[in-house]
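One structure is given below, encoded as structure tokens.
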Amino acid sequence: MTGTSARGDAVAGTRTGRRGGGRARPVWSRNFALFFVARAVARLGDSMLTVALAAGLVQHGYGAGAVGLAMAAKAAAFAGLVVLGGVFADRFDTRRLMLGADLVRLVVQSLMAALFLAGHVVLWEICVIGVVNGAAGALFQPGVASTVPRVATDIQGANGAIRIAESAAQLAGPAVAGVLVAFTSPGGVFAADAATYVVSALCLLLLRLPPASGSGRASGPGAKAFKADLVEGWREFRARTWLWGVIAVWCVYMIAVWGPTVPLVATQVVHQHGPRAYGLINSALGAGTVVGGLLAVRLRPRRMLRAGATALFAFVGFPATVGAGLGVPAMAAGAAVAGAGMSFWGVMWSTSVQTQVPADVLNRIHAYDVAGSLAMMPVGQALAGPAAGALGADHVLLAAGVVSLVVAAALLAVPAIRDLARVDAPARGH
């Protein structure tokens, strides 16, 4: 597809997606294919990092607390700065910000690889690198939300396809990381991750994007204008009960479910069954998310958040099977079911945000969404080690499974969330 036709289709698709009344156009184009590859490759690198970090720190004598802190350093920087990244994304060219973020992460992940390959692993240095990586991600992420409507006409289909690609990468990444850790070292995994940012940057560089209605729309230069844009984004965020309601519930999810689950599952499985078993379980999680993405492409529920919240009940299988001490096959099955539920929810949520929010504030709204969603994750990760020490890792994981059920039920209990109607549905009768 030529640059001109891509621009026309993207603009038309955005209008159709927001106003309804038209048949969804095809997802695939040159621009979307490039963005699709960029997201898939980036997720491939990200999915290898948990295995590399957990195995590498364990090999150098660190435990669950250190793994949690290392993960929390990156997550805290990301969550703390992503709102500012959203303002930058609405004020400047989003692609340039994303390219710059990829280059920064190329440098810091190359440094991480060098440290592990040299056997020089000091926890505070690993945490500092994580902070820089998280800050770069905070500049990158807000632009993703506004880029999807610019490269695809069927927004839900595009989100579903990207979710499938990312899930396939998550399926392959941990297995590849497990092999690299077993036959080389964690440093080799970090080097491979650095290379994925080169591919992502090249794909972004080749995009021919239509003008973004929100880009350059900011109120002007200077600290006062920057603050005004920040306040406007917050006002738009707060005005939508369904939006801040999900984020409020998600804070509980992150601190009590996802935050402790990731480091504790990693350390428990690596200690008891080895890095290859952990790679297998993470790959099962990825396989489940592929299934969830496929379902999200095919199913078009009118109440998208209601359908997504219902699917979230499936996540209990991930922490509960590990906490119950079941075998690796049962853990993998639980992870697969959990992945399907999370993936379906993710597509429903992303599509709702991208179609319900005006384009001129979408980057900032998405930034508030991401910041709120992740704000409590580093807290949960940092507390994972102390909680496991006091209560036992198995009990903490079982409790996380119970809370995951409570979270899904809470989402369904809020009328503004469960009753939100999609805006890109065909205009024919309800």
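Within each chain, counting starts at residue 1; across the structure tokens, chains are named A, B, ... in the order shown, with ligands numbered 1 upward in that order.
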Quick one: everything within 10 Å of His395 of chain A, counting only C-alpha atoms, minus sequence neighbours fewer than 5 positions away in the same chain. Send it as a ChimeraX atom specification.
/A:320,323-324,387-388,390,400-401
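The closest residue to Gln109 of chain A, picked from A:Gly45, A:Gly325, A:Gly380, A:Gly157 and counting only C-alpha atoms, is A:Gly45.
The interatomic distance for the pair atom CA of Asp229 of chain A and atom CA of Ser373 of chain A works out to 20.7 Å.
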Give me the residues near Phe344 of chain A as a count of residues only, where near means some atom within 6 Å (using only C-alpha atoms) and where sequence neighbours in that chain fewer than 3 positions away do not count.
6
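Nearest residue to Leu420 of chain A among A:Phe36, A:Trp349, A:Trp28, A:Phe315 is A:Trp349, counting only C-alpha atoms.
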Tell me, which residues of segment 166-408 of chain A carry DSSP alpha helix (DSSP H), written as a PyMOL selection string?
chain A and resi 166-183+186-206+223-238+241-253+259-273+275-298+304-312+317-323+328-356+362-374+377-391+393-408
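The environment of Val27 of chain A within 7 Å, counting only C-alpha atoms and disregarding residues fewer than 3 places along the same chain, consists of Ala152, Thr153, Asp154, Gly157 and Ala158 of chain A.
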Output N, CA, C and O atoms for every residue in the selection just made, as a PDB file, in the first residue's frame.
ATOM      1  N   ALA A 152      -3.967   1.248  11.189  1.00  0.00           N
ATOM      2  CA  ALA A 152      -4.990   0.232  10.924  1.00  0.00           C
ATOM      3  C   ALA A 152      -6.365   0.868  10.931  1.00  0.00           C
ATOM      4  O   ALA A 152      -6.593   1.891  11.579  1.00  0.00           O
ATOM      5  N   THR A 153      -7.297   0.270  10.196  1.00  0.00           N
ATOM      6  CA  THR A 153      -8.656   0.784  10.112  1.00  0.00           C
ATOM      7  C   THR A 153      -9.610   0.037  11.027  1.00  0.00           C
ATOM      8  O   THR A 153     -10.577   0.614  11.505  1.00  0.00           O
ATOM      9  N   ASP A 154      -9.366  -1.238  11.255  1.00  0.00           N
ATOM     10  CA  ASP A 154     -10.154  -2.036  12.194  1.00  0.00           C
ATOM     11  C   ASP A 154      -9.376  -2.100  13.500  1.00  0.00           C
ATOM     12  O   ASP A 154      -8.449  -2.888  13.645  1.00  0.00           O
ATOM     13  N   GLY A 157      -9.504  -5.418  15.471  1.00  0.00           N
ATOM     14  CA  GLY A 157      -8.742  -6.422  14.738  1.00  0.00           C
ATOM     15  C   GLY A 157      -7.247  -6.195  14.845  1.00  0.00           C
ATOM     16  O   GLY A 157      -6.465  -7.144  14.986  1.00  0.00           O
ATOM     17  N   ALA A 158      -6.834  -4.915  14.782  1.00  0.00           N
ATOM     18  CA  ALA A 158      -5.419  -4.602  14.904  1.00  0.00           C
ATOM     19  C   ALA A 158      -4.897  -4.950  16.290  1.00  0.00           C
ATOM     20  O   ALA A 158      -3.822  -5.541  16.436  1.00  0.00           O
TER      21      ALA A 158
END
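Restricting the calculation to only C-alpha atoms, the smallest distance between Met254 of chain A and any of A:Thr94, A:Gln381, A:Asn31, A:Gln59 is found for A:Gln381.
Closest to Val265 of chain A among A:Trp242, A:Tyr253, A:Phe318, A:Phe237 is A:Phe318, based on only C-alpha atoms.
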Could the residues of segment 331-393 of chain A that have an atom at most 10 Å from segment 166-177 of chain A be listed as a Markdown table, each with its closest atom pair and the distance in Å to one decimal, counting only C-alpha atoms and ordered by chain and ascending residue number?
| residue | atom | partner | partner_atom | distance |
| --- | --- | --- | --- | --- |
| A:Gly339 | CA | A:Ser167 | CA | 8.8 |
| A:Ala340 | CA | A:Ser167 | CA | 9.7 |
| A:Ser343 | CA | A:Ser167 | CA | 8.3 |
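By chain and then residue number, the residues within 10 Å of Trp250 of chain A are Trp244, Gly245, Val246, Met254, Ile255, Ala256, Val257, Trp258, Gly372, Ser373, Leu374, Ala375, Met376, Met377, Val407, Ala408, Ala410 and Leu411 of chain A, counting only C-alpha atoms and disregarding those fewer than 4 positions away in sequence.
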Selection to disk with C-alpha atoms, as a PDB file, in the first residue's frame:
ATOM      1  CA  TRP A 244     -10.786   5.456  36.395  1.00  0.00           C
ATOM      2  CA  GLY A 245     -12.976   2.707  37.869  1.00  0.00           C
ATOM      3  CA  VAL A 246     -10.982   0.020  36.047  1.00  0.00           C
ATOM      4  CA  MET A 254      -1.171  -5.236  40.640  1.00  0.00           C
ATOM      5  CA  ILE A 255      -0.203  -5.053  44.305  1.00  0.00           C
ATOM      6  CA  ALA A 256      -1.849  -8.316  45.375  1.00  0.00           C
ATOM      7  CA  VAL A 257      -1.870 -10.482  42.239  1.00  0.00           C
ATOM      8  CA  TRP A 258       0.423  -9.664  39.337  1.00  0.00           C
ATOM      9  CA  GLY A 372      -2.549   3.872  37.097  1.00  0.00           C
ATOM     10  CA  SER A 373      -2.494   0.273  35.935  1.00  0.00           C
ATOM     11  CA  LEU A 374       1.145  -0.188  36.863  1.00  0.00           C
ATOM     12  CA  ALA A 375       1.460   2.144  39.850  1.00  0.00           C
ATOM     13  CA  MET A 376       1.144  -0.628  42.401  1.00  0.00           C
ATOM     14  CA  MET A 377       3.054  -3.320  40.487  1.00  0.00           C
ATOM     15  CA  VAL A 407     -10.841  -8.356  41.143  1.00  0.00           C
ATOM     16  CA  ALA A 408     -12.812  -9.826  38.239  1.00  0.00           C
ATOM     17  CA  ALA A 410     -15.345  -6.147  41.344  1.00  0.00           C
ATOM     18  CA  LEU A 411     -15.052  -5.058  37.697  1.00  0.00           C
TER      19      LEU A 411
END
So, counting only C-alpha atoms, which residue among A:Ala336, A:Leu202, A:Met304, A:Met348 is closest to Leu103 of chain A?
A:Leu202
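Nearest to Ile164 of chain A of all the residues A:Val379, A:His366, A:Ala384, A:Gly286 is A:Gly286, counting only C-alpha atoms.
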Considering only C-alpha atoms, return as a PyMOL selection string whatever protein or nucleic-acid residues lie within 7 Å of segment 359-365 of chain A, sequence-local ones (same chain, fewer than 6 positions apart) excluded.
chain A and resi 83+86-87+89-90+142-143+145-146+213-214+233+237
